[in-house]
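What follows is the content of input_10.txt (compact mmCIF, C-alpha atoms and all ligand atoms).
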# COMPACT_ATOMS: atom_id res chain seq x y z
CA MET K 1 127.58 77.74 116.11
CA VAL K 2 128.53 81.42 116.08
CA PHE K 3 126.27 83.59 118.16
CA ALA K 4 125.32 87.09 117.08
CA ASP K 5 126.93 90.01 118.89
CA SER K 6 123.63 91.73 119.71
CA SER K 7 125.31 94.77 121.26
CA ALA K 8 122.42 97.04 120.26
CA LEU K 9 120.38 95.54 123.08
CA ARG K 10 122.89 96.56 125.72
CA ILE K 11 121.70 99.33 127.93
CA PRO K 12 123.65 102.59 127.56
CA PRO K 13 126.23 102.96 130.31
CA LEU K 14 124.06 105.17 132.53
CA GLY K 15 123.22 102.52 135.09
CA ARG K 16 119.53 103.06 134.38
CA ARG K 17 116.99 103.15 131.57
CA LEU K 18 116.02 106.40 129.88
CA ARG K 19 112.65 107.93 130.73
CA LEU K 20 110.12 107.92 127.89
CA GLY K 21 106.67 109.47 127.47
CA PHE K 22 104.02 108.86 124.83
CA VAL K 23 101.53 111.05 123.00
CA GLY K 24 98.87 108.79 121.53
CA GLY K 25 99.28 105.05 121.65
CA GLY K 26 96.51 104.34 124.13
CA ARG K 27 93.71 101.79 123.91
CA GLY K 28 92.19 101.57 120.45
CA GLY K 29 95.23 103.02 118.68
CA LEU K 30 97.09 100.82 116.20
CA VAL K 31 100.78 101.65 116.21
CA GLY K 32 101.29 102.78 119.81
CA ASN K 33 101.57 99.21 121.07
CA TRP K 34 104.32 98.51 118.53
CA HIS K 35 106.28 101.49 119.84
CA PHE K 36 105.67 100.43 123.44
CA ALA K 37 106.78 96.85 122.77
CA GLY K 38 109.87 98.03 120.86
CA ALA K 39 110.86 100.42 123.63
CA ARG K 40 110.48 97.72 126.29
CA LEU K 41 112.25 95.02 124.28
CA SER K 42 115.17 97.35 123.55
CA ASN K 43 115.85 97.55 127.30
CA HIS K 44 116.84 101.20 126.91
CA TRP K 45 113.58 102.80 128.05
CA GLU K 46 111.16 103.01 130.97
CA VAL K 47 107.73 104.36 129.96
CA VAL K 48 106.81 106.80 132.76
CA ALA K 49 104.39 109.40 131.34
CA GLY K 50 101.79 109.86 128.64
CA ALA K 51 98.95 111.78 127.06
CA LEU K 52 97.82 108.52 125.58
CA SER K 53 94.57 109.47 123.92
CA SER K 54 92.55 112.46 122.77
CA ARG K 55 89.77 111.08 125.04
CA PRO K 56 90.61 111.71 128.74
CA GLU K 57 88.93 108.55 130.06
CA VAL K 58 90.77 106.41 127.51
CA ALA K 59 94.04 108.21 128.33
CA ALA K 60 93.64 107.37 132.04
CA ALA K 61 92.68 103.74 131.41
CA SER K 62 95.55 103.32 128.97
CA ALA K 63 98.00 104.78 131.49
CA ARG K 64 96.88 102.09 133.95
CA ASP K 65 97.48 99.43 131.27
CA TRP K 66 101.06 100.64 130.91
CA CYS K 67 101.68 101.10 134.67
CA ILE K 68 102.09 104.88 134.32
CA ALA K 69 101.53 106.69 137.64
CA PRO K 70 98.22 108.67 137.67
CA ASP K 71 100.04 111.98 138.29
CA ARG K 72 101.99 111.48 135.04
CA SER K 73 98.95 110.63 132.92
CA TYR K 74 98.00 113.86 131.15
CA THR K 75 94.94 114.96 129.24
CA HIS K 76 96.84 117.28 126.91
CA TYR K 77 100.29 117.02 125.38
CA ARG K 78 101.08 120.69 126.10
CA GLU K 79 100.51 120.16 129.82
CA MET K 80 102.66 117.03 129.60
CA ALA K 81 105.54 118.83 127.87
CA ALA K 82 105.50 121.69 130.41
CA CYS K 83 105.20 119.47 133.52
CA GLU K 84 107.74 116.90 132.36
CA ALA K 85 110.29 119.53 131.32
CA ALA K 86 110.02 121.07 134.80
CA ARG K 87 110.54 117.80 136.74
CA PRO K 88 114.05 116.74 137.75
CA ASP K 89 113.04 113.19 136.79
CA GLY K 90 111.09 114.30 133.69
CA ILE K 91 110.96 112.33 130.46
CA GLU K 92 114.06 112.42 128.29
CA ALA K 93 112.17 111.64 125.08
CA VAL K 94 108.62 111.46 123.79
CA SER K 95 107.15 109.04 121.26
CA ILE K 96 104.44 110.57 119.07
CA CYS K 97 102.02 108.10 117.53
CA THR K 98 98.98 110.21 116.69
CA PRO K 99 97.32 110.92 113.31
CA ASN K 100 99.48 112.67 110.69
CA ASP K 101 97.95 116.15 110.94
CA SER K 102 98.92 116.44 114.62
CA HIS K 103 102.62 115.49 114.21
CA ALA K 104 104.01 118.96 113.45
CA GLY K 105 102.36 120.75 116.38
CA ILE K 106 103.13 118.04 118.94
CA ALA K 107 106.72 117.50 117.80
CA ALA K 108 107.40 121.26 117.77
CA CYS K 109 106.01 121.58 121.30
CA PHE K 110 108.39 118.91 122.69
CA LEU K 111 111.39 120.13 120.69
CA ARG K 112 110.87 123.61 122.15
CA ALA K 113 110.65 122.07 125.63
CA GLY K 114 114.07 120.46 125.06
CA ILE K 115 112.65 116.93 125.04
CA ASP K 116 114.01 114.52 122.41
CA VAL K 117 111.42 113.34 119.89
CA ILE K 118 110.62 109.94 118.38
CA LEU K 119 108.07 110.63 115.66
CA ASP K 120 106.02 108.31 113.50
CA LYS K 121 105.77 108.69 109.75
CA PRO K 122 104.80 110.51 107.64
CA MET K 123 106.64 113.35 109.36
CA THR K 124 103.84 115.89 108.79
CA THR K 125 101.14 116.59 106.21
CA THR K 126 103.06 119.34 104.37
CA VAL K 127 106.63 119.98 103.22
CA ALA K 128 106.52 123.40 104.91
CA ASP K 129 105.81 121.80 108.30
CA ALA K 130 108.52 119.21 107.74
CA ARG K 131 111.04 121.96 106.96
CA MET K 132 109.90 123.80 110.09
CA LEU K 133 110.67 120.67 112.18
CA VAL K 134 114.06 120.19 110.51
CA ALA K 135 114.95 123.82 111.31
CA LEU K 136 113.62 123.59 114.87
CA ARG K 137 115.58 120.40 115.51
CA ALA K 138 118.77 122.09 114.34
CA GLU K 139 118.05 125.21 116.40
CA THR K 140 117.29 123.32 119.62
CA GLY K 141 119.96 120.64 119.18
CA VAL K 142 117.41 118.06 120.36
CA SER K 143 117.40 114.67 118.60
CA LEU K 144 114.52 113.63 116.36
CA THR K 145 114.14 110.00 115.28
CA MET K 146 111.67 108.95 112.59
CA THR K 147 110.13 105.50 113.11
CA TYR K 148 110.82 103.70 109.85
CA PRO K 149 111.14 100.20 111.31
CA PHE K 150 111.64 98.05 108.20
CA ALA K 151 115.20 99.21 107.61
CA GLN K 152 116.04 98.15 111.18
CA HIS K 153 115.86 94.46 110.29
CA ALA K 154 119.27 92.79 110.47
CA MET K 155 119.03 91.53 106.90
CA VAL K 156 118.43 95.02 105.51
CA ARG K 157 121.68 96.04 107.23
CA GLN K 158 123.26 92.97 105.64
CA ALA K 159 122.07 94.09 102.20
CA SER K 160 123.36 97.59 102.82
CA ALA K 161 126.79 96.23 103.87
CA LEU K 162 126.95 93.99 100.77
CA ILE K 163 126.09 96.88 98.45
CA GLU K 164 128.75 99.06 100.13
CA GLU K 165 131.30 96.28 99.60
CA GLY K 166 130.44 96.22 95.90
CA ALA K 167 128.78 92.78 95.94
CA ILE K 168 126.35 93.79 93.19
CA GLY K 169 128.71 96.09 91.33
CA GLN K 170 127.17 99.24 89.96
CA LEU K 171 123.50 99.65 90.90
CA ARG K 172 121.49 99.54 87.67
CA GLN K 173 117.85 99.15 88.64
CA VAL K 174 115.49 98.96 91.62
CA GLN K 175 112.10 97.24 91.70
CA MET K 176 109.90 97.73 94.74
CA GLU K 177 106.38 96.94 95.75
CA TYR K 178 104.33 97.44 98.88
CA PHE K 179 100.86 95.91 98.93
CA GLN K 180 98.29 95.71 101.73
CA ASP K 181 94.62 94.69 101.86
CA TRP K 182 93.03 96.84 104.59
CA ASN K 183 91.67 99.64 102.37
CA GLN K 184 89.53 97.77 99.87
CA GLY K 185 86.59 99.91 100.99
CA GLY K 186 82.90 99.35 101.45
CA GLN K 187 83.29 98.70 105.19
CA PRO K 188 83.46 101.91 107.23
CA GLU K 189 84.95 100.16 110.26
CA GLU K 190 88.00 99.09 108.24
CA SER K 191 90.14 102.01 109.37
CA PRO K 192 89.95 105.14 111.57
CA ILE K 193 88.07 108.08 110.03
CA TRP K 194 91.20 110.24 109.84
CA ARG K 195 92.87 107.83 107.43
CA GLN K 196 90.18 108.62 104.85
CA ASP K 197 90.29 112.39 105.36
CA PRO K 198 92.60 114.20 102.90
CA ALA K 199 92.96 117.14 105.30
CA ARG K 200 94.39 114.82 107.96
CA VAL K 201 96.60 112.43 105.97
CA GLY K 202 98.32 114.83 103.57
CA ARG K 203 98.32 115.16 99.79
CA SER K 204 98.56 111.43 99.09
CA SER K 205 97.33 108.90 101.58
CA ILE K 206 98.85 105.91 99.78
CA VAL K 207 102.28 107.49 99.26
CA GLY K 208 102.43 109.11 102.70
CA ASP K 209 101.33 105.94 104.45
CA ILE K 210 103.35 103.20 102.76
CA GLY K 211 105.32 104.91 99.96
CA THR K 212 107.43 106.73 102.57
CA HIS K 213 108.33 103.36 104.12
CA ALA K 214 109.43 102.04 100.74
CA LEU K 215 111.44 105.17 99.98
CA HIS K 216 113.25 104.96 103.30
CA LEU K 217 113.99 101.26 102.78
CA LEU K 218 115.39 102.00 99.33
CA GLN K 219 117.64 104.74 100.67
CA ALA K 220 118.77 102.74 103.69
CA MET K 221 119.61 99.69 101.62
CA THR K 222 121.28 101.30 98.60
CA GLY K 223 122.53 104.64 99.96
CA ARG K 224 120.90 106.19 96.88
CA ASP K 225 118.39 109.00 96.69
CA VAL K 226 115.46 109.52 94.31
CA VAL K 227 116.01 112.65 92.20
CA SER K 228 112.97 112.56 89.93
CA LEU K 229 109.78 110.60 89.45
CA ARG K 230 106.47 110.31 87.65
CA ALA K 231 103.36 108.94 89.35
CA ASP K 232 100.05 107.51 88.21
CA MET K 233 97.40 106.92 90.84
CA PHE K 234 94.20 104.88 90.79
CA THR K 235 91.32 103.87 93.00
CA CYS K 236 91.08 100.11 92.64
CA GLY K 237 88.99 99.34 95.71
CA ALA K 238 85.56 100.89 96.44
CA PRO K 239 85.33 104.68 95.82
CA LYS K 240 87.15 106.76 98.46
CA PRO K 241 88.46 110.32 98.87
CA GLN K 242 92.01 109.54 97.69
CA PRO K 243 93.53 106.91 95.38
CA ASP K 244 94.46 103.61 97.01
CA THR K 245 97.04 102.66 94.37
CA ALA K 246 100.13 104.36 92.95
CA HIS K 247 102.55 103.34 90.22
CA VAL K 248 105.71 105.42 90.52
CA SER K 249 108.63 105.51 88.07
CA LEU K 250 111.85 106.56 89.77
CA ARG K 251 115.20 107.97 88.70
CA LEU K 252 118.01 107.54 91.25
CA ASP K 253 120.93 109.90 91.80
CA ASN K 254 123.29 107.61 89.85
CA GLY K 255 120.91 107.67 86.87
CA ALA K 256 119.49 104.19 87.51
CA PRO K 257 115.75 103.72 86.96
CA GLY K 258 113.35 102.21 89.44
CA LEU K 259 109.72 101.24 89.81
CA LEU K 260 107.59 101.41 92.95
CA HIS K 261 104.09 99.89 93.07
CA LEU K 262 101.87 100.75 96.02
CA CYS K 263 98.38 99.52 96.85
CA ASN K 264 96.48 99.09 100.10
CA ALA K 265 93.36 97.67 98.45
CA ALA K 266 94.99 94.45 97.29
CA PRO K 267 93.08 91.33 98.39
CA GLY K 268 95.30 88.68 99.93
CA GLN K 269 98.26 91.02 100.44
CA PHE K 270 99.04 91.66 104.11
CA CYS K 271 102.26 93.62 104.40
CA ALA K 272 103.91 92.69 101.11
CA LEU K 273 106.89 95.02 101.03
CA ARG K 274 109.52 93.65 98.67
CA VAL K 275 112.67 95.13 97.18
CA ARG K 276 114.84 93.82 94.34
CA VAL K 277 118.10 95.57 93.52
CA TRP K 278 119.90 94.69 90.30
CA GLY K 279 123.49 95.67 89.60
CA SER K 280 126.28 95.06 87.13
CA GLY K 281 127.69 92.33 89.39
CA GLY K 282 124.60 90.65 90.82
CA ALA K 283 121.26 91.05 92.56
CA LEU K 284 119.79 91.29 96.04
CA GLU K 285 116.22 90.57 97.04
CA TRP K 286 114.48 91.08 100.40
CA ASP K 287 110.87 90.49 101.43
CA GLN K 288 109.46 92.02 104.60
CA GLU K 289 107.22 88.99 105.20
CA THR K 290 110.27 86.68 105.38
CA PRO K 291 112.65 89.19 106.95
CA GLU K 292 115.32 86.80 108.14
CA ARG K 293 116.38 85.79 104.65
CA LEU K 294 118.24 87.78 102.02
CA ARG K 295 118.68 86.38 98.53
CA TYR K 296 121.96 87.25 96.84
CA VAL K 297 122.77 86.19 93.29
CA PRO K 298 126.26 87.12 92.10
CA ARG K 299 126.29 87.54 88.34
CA ASP K 300 128.53 84.56 87.59
CA ALA K 301 127.93 82.28 90.56
CA GLU K 302 125.10 80.34 92.18
CA GLU K 303 122.53 82.06 94.39
CA HIS K 304 123.17 82.40 98.10
CA ILE K 305 120.56 82.82 100.82
CA PHE K 306 121.90 84.68 103.84
CA VAL K 307 120.02 83.79 107.03
CA ARG K 308 119.96 86.15 110.01
CA GLY K 309 122.24 85.18 112.90
CA GLY K 310 125.96 85.15 113.61
CA GLY K 311 128.72 83.84 111.33
CA GLN K 312 128.01 82.36 107.88
CA GLY K 313 128.79 85.60 106.10
CA ILE K 314 126.65 87.88 108.25
CA ARG K 315 128.38 91.25 108.33
CA PRO K 316 129.12 93.03 111.67
CA ASP K 317 126.47 95.74 111.08
CA ALA K 318 123.80 93.03 110.81
CA ALA K 319 125.17 90.79 113.57
CA ARG K 320 125.09 93.76 115.97
CA ILE K 321 121.29 93.90 115.79
CA SER K 322 120.70 90.15 115.62
CA HIS K 323 119.71 88.82 119.02
CA LEU K 324 118.75 85.14 118.82
CA PRO K 325 120.63 82.23 117.28
CA ARG K 326 119.76 81.46 113.68
CA GLY K 327 116.56 79.39 113.46
CA HIS K 328 114.83 81.13 116.39
CA GLY K 329 112.65 83.64 114.62
CA GLU K 330 113.04 87.38 114.86
CA ALA K 331 110.40 89.66 113.41
CA LEU K 332 109.09 93.21 113.15
CA SER K 333 109.01 93.53 116.95
CA ASP K 334 112.80 93.08 116.95
CA ALA K 335 113.17 95.72 114.23
CA TRP K 336 111.21 98.15 116.43
CA ALA K 337 113.45 97.21 119.36
CA ASN K 338 116.54 97.90 117.23
CA LEU K 339 115.12 101.30 116.34
CA TYR K 340 114.41 102.11 119.98
CA ALA K 341 117.85 100.86 121.05
CA GLU K 342 119.57 103.21 118.61
CA ALA K 343 117.22 106.10 119.47
CA GLY K 344 118.22 105.43 123.10
CA LEU K 345 121.88 105.67 122.20
CA ALA K 346 121.23 108.97 120.39
CA VAL K 347 119.49 110.41 123.45
CA ALA K 348 122.14 109.06 125.86
CA ALA K 349 124.87 110.60 123.71
CA ARG K 350 123.15 113.97 123.44
CA ARG K 351 121.96 114.33 127.01
CA HIS K 352 124.59 112.46 128.97
CA GLY K 353 127.68 112.62 126.80
CA VAL K 354 127.82 108.85 126.30
CA ALA K 355 130.58 108.23 123.75
CA LEU K 356 129.60 106.18 120.71
CA ALA K 357 131.89 104.58 118.17
CA PRO K 358 131.90 106.55 114.89
CA GLY K 359 129.08 105.43 112.59
CA THR K 360 127.04 103.75 115.37
CA LEU K 361 123.92 105.73 114.45
CA ARG K 362 124.43 106.05 110.71
CA HIS K 363 121.35 103.92 110.00
CA LEU K 364 119.06 105.74 112.43
CA PRO K 365 116.45 107.77 110.50
CA GLY K 366 116.27 111.39 111.59
CA ALA K 367 114.63 114.65 110.61
CA ILE K 368 116.19 114.70 107.12
CA GLU K 369 114.72 111.27 106.38
CA GLY K 370 111.35 112.58 107.56
CA LEU K 371 111.60 115.57 105.22
CA ARG K 372 112.67 113.31 102.34
CA GLY K 373 109.45 111.33 102.80
CA MET K 374 107.42 114.53 102.59
CA LEU K 375 109.28 115.77 99.49
CA PHE K 376 108.66 112.40 97.88
CA THR K 377 104.95 112.45 98.73
CA ASP K 378 104.62 115.98 97.40
CA ALA K 379 106.43 115.14 94.16
CA CYS K 380 104.15 112.11 93.62
CA ALA K 381 101.08 114.29 94.17
CA ASP K 382 102.46 117.02 91.85
CA SER K 383 103.14 114.49 89.11
CA TYR K 384 99.75 112.80 89.41
CA GLU K 385 97.88 116.11 89.45
CA ALA K 386 99.80 117.26 86.34
CA GLY K 387 98.74 114.13 84.45
CA GLY K 388 101.80 112.00 85.15
CA THR K 389 104.66 114.31 84.16
CA TRP K 390 108.25 113.84 85.38
CA VAL K 391 108.90 115.92 88.50
CA THR K 392 112.28 116.79 90.02
CA LEU K 393 112.52 116.29 93.76
CA ALA K 394 113.79 119.12 95.91
CA SER K 395 116.84 118.16 97.98
CA ALA K 396 116.23 117.56 101.67
CA THR K 397 119.66 118.89 102.61
CA ALA K 398 120.09 121.89 100.28
CA PRO K 399 119.30 125.34 101.74
CA VAL K 400 115.76 126.48 100.95
CA PRO K 401 115.72 129.44 98.52
CA PRO K 402 113.91 132.50 99.90
CA ALA K 403 110.22 132.67 98.88
N1 LIG K 501 105.85 103.22 111.52
C1 LIG K 501 104.90 102.39 111.17
O1 LIG K 501 105.17 101.27 110.77
C2 LIG K 501 103.46 102.83 111.30
C3 LIG K 501 102.43 101.89 111.23
C4 LIG K 501 101.11 102.34 111.37
C5 LIG K 501 100.85 103.68 111.59
N2 LIG K 501 101.88 104.57 111.62
C6 LIG K 501 101.64 106.02 111.85
O2 LIG K 501 101.32 106.20 113.22
C7 LIG K 501 100.41 107.27 113.37
C8 LIG K 501 99.19 106.77 114.14
O3 LIG K 501 98.56 105.79 113.36
P1 LIG K 501 97.54 104.74 114.00
O4 LIG K 501 97.15 103.84 112.90
O5 LIG K 501 98.10 104.15 115.26
O6 LIG K 501 96.31 105.70 114.38
P2 LIG K 501 95.09 105.40 115.32
O7 LIG K 501 93.98 106.26 114.89
O8 LIG K 501 94.87 103.92 115.41
O9 LIG K 501 95.62 105.88 116.75
C9 LIG K 501 95.90 107.23 116.99
C10 LIG K 501 95.90 107.46 118.49
O10 LIG K 501 96.27 108.80 118.76
C11 LIG K 501 95.42 109.33 119.76
N3 LIG K 501 95.42 110.79 119.63
C12 LIG K 501 94.99 111.54 118.58
N4 LIG K 501 95.19 112.85 118.83
C13 LIG K 501 95.79 112.91 120.04
C14 LIG K 501 96.24 113.97 120.86
N5 LIG K 501 96.16 115.25 120.46
N6 LIG K 501 96.77 113.68 122.08
C15 LIG K 501 96.87 112.39 122.50
N7 LIG K 501 96.46 111.33 121.75
C16 LIG K 501 95.92 111.60 120.55
C17 LIG K 501 94.08 108.70 119.49
O11 LIG K 501 93.26 108.77 120.65
C18 LIG K 501 94.53 107.27 119.14
O12 LIG K 501 94.72 106.51 120.31
C19 LIG K 501 100.09 107.76 111.96
O13 LIG K 501 100.86 108.90 111.67
C20 LIG K 501 100.49 106.60 111.06
O14 LIG K 501 100.91 107.01 109.78
C21 LIG K 501 103.17 104.16 111.48
The structure in this file should be written as structure tokens.
Amino acid sequence: MVFADSSALRIPPLGRRLRLGFVGGGRGGLVGNWHFAGARLSNHWEVVAGALSSRPEVAAASARDWCIAPDRSYTHYREMAACEAARPDGIEAVSICTPNDSHAGIAACFLRAGIDVILDKPMTTTVADARMLVALRAETGVSLTMTYPFAQHAMVRQASALIEEGAIGQLRQVQMEYFQDWNQGGQPEESPIWRQDPARVGRSSIVGDIGTHALHLLQAMTGRDVVSLRADMFTCGAPKPQPDTAHVSLRLDNGAPGLLHLCNAAPGQFCALRVRVWGSGGALEWDQETPERLRYVPRDAEEHIFVRGGGQGIRPDAARISHLPRGHGEALSDAWANLYAEAGLAVAARRHGVALAPGTLRHLPGAIEGLRGMLFTDACADSYEAGGTWVTLASATAPVPPA
């Protein structure tokens, strides 16, 4: 048996863990616990401070849950940023897991305080705010990681390595779908109020919420960008303020077409994110609900199922973030841990000069990936509102022309 290398779980050579704070994530919140678990499992972080809820009593109770000292449990993120930046043992990064409309203000506050940021998606609710964060990150030199966890699965790295090697030849088509069932409607307790409020989620709830995940997965796996698209949107569940379904036609930067189907009102679908990539020399297929397997079908040979682990054709990039022997299941929690391990390396490199081998962080999503998600969401909304016309996406890296 060949064991995986698993070097991503090694603590950076500081002789201690990095100090992490949270905004949001307290009792009653959904995604905060995933961040917390990923940070702990990565072994790169100690959670020492937080403004864990917009409700002070919940913030204090949540801080006790996470063993945060009472004097580092804050009632407002601004107070937290100021106090922590002034402490010699202050936090070195903050994780922001609050509703979308608060991301820009909170992230900007910590960037300005010189504290590295780990921000949940979608980056903001507007392209203008996303561009503001990209500019502020560059100005301050502080790192900003976007938490797109699906691309941090070992078998997505395996797919990316295979595509880079030319295993599928020239990329000719991409088919993606992401279906969930939580937004069928008719039951007010199904989701927090903010998720149904257009002013708080952004121009398209369905694209911002799960379309941005799919876009990032597509880019991480293929190295390709979406240059234009057309979007239809529908409400297939009970009536609600924004469509719960989107059908998006894509054109990639090599001219290849793609299709992305999104729906969070799909009965029986839990987290059905699936990607199929077809090329001149073969095909790759990955399903988030069975993340340890990657189906590869060379054009003129029999299919091959890669299974996460060490050896048996698993490429070094994938083996590096594979922690248990093959057959002992790894899941989304490990993908979060991989994300937090690499975010830890980014912060250790920036703050403490820890040297990293070239390319170590090339899969870590940053501010540009956050902006890409916002440009994509905006383009989908533009297309839908114009009756389904083709829309060209603005580049996330090109300079912005003066208004
Ligand atoms: N990366 C992923 O896979 C993933 C998954 C789910 C949600 N998300 C994103 O995470 C974010 C949060 O989503 P959720 O479903 O956990 O929301 P939620 O409503 O369940 O939780 C939000 C939490 O933020 C707290 N909060 C709100 N404003 C605050 C403030 N100013 N200061 C401190 N705390 C504050 C609330 O009290 C609550 O605890 C959203 O942007 C969502 O899109 C990402």
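Contact shell of Arg64 in chain K at 12 Å (only C-alpha atoms; same-chain neighbours under 4 positions omitted): Gly26, Arg27, Val47, Val48, Ala49, Gly50, Leu52, Glu57, Val58, Ala59, Ala60, Ile68, Ala69, Pro70, Asp71, Arg72 and Ser73 of chain K.
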Test item: residues lying within 8 Å of ligand LIG 501 (chain K) with all atoms listed in the file, as a PyMOL selection string: chain K and resi 23-32+51-55+58-59+75-77+96-103+106+120-123+147-150+191-195+201+208-209+213
Name all residues at most 8 Å from Asp287 in chain K (count only C-alpha atoms; drop same-chain ones fewer than 5 positions away) and give them as a ChimeraX atom specification. /K:272-275,293-294
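From CA of Ala231 in chain K back to CA of Tyr384 in chain K, the distance works out to 5.3 Å.
Here CA of Asp253 in chain K is placed at a distance of 21.1 Å from CA of Leu364 in chain K.
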I'd like the contact shell of Asn264 in chain K - 7 Å cut-off, all atoms listed in the file, skipping same-chain residues fewer than 3 positions apart - returned as a count of residues only. 7
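Interatomic distance, CA of Arg299 in chain K to CA of Leu252 in chain K: 21.8 Å.
Those residues that approach Leu162 in chain K to within 10 Å, counting all atoms listed in the file, are Val156, Arg157, Gln158, Ala159, Glu165, Gly166, Ala167, Ile168, Gly169, Met221, Thr222, Leu284, Tyr296, Ile314 and Arg315 of chain K; same-chain residues fewer than 3 positions away are not listed.
Candidate residues K:Ala154, K:Ala130, K:Ala266, K:Met176 were compared for distance to Ser322 in chain K, and the nearest is K:Ala154, using only C-alpha atoms.
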Would you mind telling me which residue in K:Cys263, K:Cys67, K:Ala86, K:Ala367 lies nearest to Ala107 in chain K when using all atoms listed in the file? K:Ala367
Taking (113.3, 107.6, 93.4) in the coordinates of the supplied file, I want to know which residues reach to within 7 Å of it, counting all atoms listed in the file; could you give the answer as number ranges by chain? K: 225-229, 250-252, 258
Could you dump the residues just selected with C-alpha atoms as a short mmCIF file (atom, residue, chain, number, x, y, z; two decimals), in the coordinates of the input?
data_model
loop_
_atom_site.label_atom_id
_atom_site.label_comp_id
_atom_site.auth_asym_id
_atom_site.auth_seq_id
_atom_site.Cartn_x
_atom_site.Cartn_y
_atom_site.Cartn_z
CA ASP K 225 118.39 109.00 96.69
CA VAL K 226 115.46 109.52 94.31
CA VAL K 227 116.01 112.65 92.20
CA SER K 228 112.97 112.56 89.93
CA LEU K 229 109.78 110.60 89.45
CA LEU K 250 111.85 106.56 89.77
CA ARG K 251 115.20 107.97 88.70
CA LEU K 252 118.01 107.54 91.25
CA GLY K 258 113.35 102.21 89.44
#
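Proximity to Glu330 in chain K at 12 Å, evaluated using all atoms listed in the file and with sequence-adjacent residues fewer than 6 positions away removed, yields K:Gln152, K:His153, K:Ala154, K:Met155, K:Gln288, K:Glu289, K:Thr290, K:Pro291, K:Glu292, K:Arg293, K:Val307, K:Arg308, K:Gly309, K:Ile321, K:Ser322, K:His323, K:Leu324, K:Trp336, K:Ala337, K:Asn338.
Nearest-residue note for Gly282 in chain K: choosing from K:Gln184, K:Ser333, K:Thr389, K:Gln170, the minimum distance belongs to K:Gln170, counting all atoms listed in the file.
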N, CA and C atoms are what I want for range 208-219 of chain K; can you complete it accordingly and write them as a PDB file, keeping the file's coordinate frame?
ATOM      1  N   GLY K 208     102.010 108.726 101.350  1.00  0.00           N
ATOM      2  CA  GLY K 208     102.430 109.110 102.700  1.00  0.00           C
ATOM      3  C   GLY K 208     102.454 107.921 103.642  1.00  0.00           C
ATOM      4  N   ASP K 209     101.466 107.043 103.496  1.00  0.00           N
ATOM      5  CA  ASP K 209     101.330 105.940 104.450  1.00  0.00           C
ATOM      6  C   ASP K 209     102.355 104.839 104.208  1.00  0.00           C
ATOM      7  N   ILE K 210     102.424 104.329 102.971  1.00  0.00           N
ATOM      8  CA  ILE K 210     103.350 103.200 102.760  1.00  0.00           C
ATOM      9  C   ILE K 210     104.469 103.529 101.748  1.00  0.00           C
ATOM     10  N   GLY K 211     104.245 104.531 100.889  1.00  0.00           N
ATOM     11  CA  GLY K 211     105.320 104.910  99.960  1.00  0.00           C
ATOM     12  C   GLY K 211     106.532 105.460 100.700  1.00  0.00           C
ATOM     13  N   THR K 212     106.290 106.183 101.806  1.00  0.00           N
ATOM     14  CA  THR K 212     107.430 106.730 102.570  1.00  0.00           C
ATOM     15  C   THR K 212     108.256 105.600 103.194  1.00  0.00           C
ATOM     16  N   HIS K 213     107.583 104.530 103.601  1.00  0.00           N
ATOM     17  CA  HIS K 213     108.330 103.360 104.120  1.00  0.00           C
ATOM     18  C   HIS K 213     109.236 102.793 103.029  1.00  0.00           C
ATOM     19  N   ALA K 214     108.654 102.632 101.835  1.00  0.00           N
ATOM     20  CA  ALA K 214     109.430 102.040 100.740  1.00  0.00           C
ATOM     21  C   ALA K 214     110.605 102.928 100.379  1.00  0.00           C
ATOM     22  N   LEU K 215     110.351 104.242 100.317  1.00  0.00           N
ATOM     23  CA  LEU K 215     111.440 105.170  99.980  1.00  0.00           C
ATOM     24  C   LEU K 215     112.566 105.060 101.004  1.00  0.00           C
ATOM     25  N   HIS K 216     112.201 105.050 102.281  1.00  0.00           N
ATOM     26  CA  HIS K 216     113.250 104.960 103.300  1.00  0.00           C
ATOM     27  C   HIS K 216     114.029 103.655 103.185  1.00  0.00           C
ATOM     28  N   LEU K 217     113.315 102.562 102.938  1.00  0.00           N
ATOM     29  CA  LEU K 217     113.990 101.260 102.780  1.00  0.00           C
ATOM     30  C   LEU K 217     114.972 101.304 101.612  1.00  0.00           C
ATOM     31  N   LEU K 218     114.536 101.882 100.513  1.00  0.00           N
ATOM     32  CA  LEU K 218     115.390 102.000  99.330  1.00  0.00           C
ATOM     33  C   LEU K 218     116.662 102.785  99.656  1.00  0.00           C
ATOM     34  N   GLN K 219     116.486 103.905 100.337  1.00  0.00           N
ATOM     35  CA  GLN K 219     117.640 104.740 100.670  1.00  0.00           C
ATOM     36  C   GLN K 219     118.565 104.054 101.660  1.00  0.00           C
TER      37      GLN K 219
END
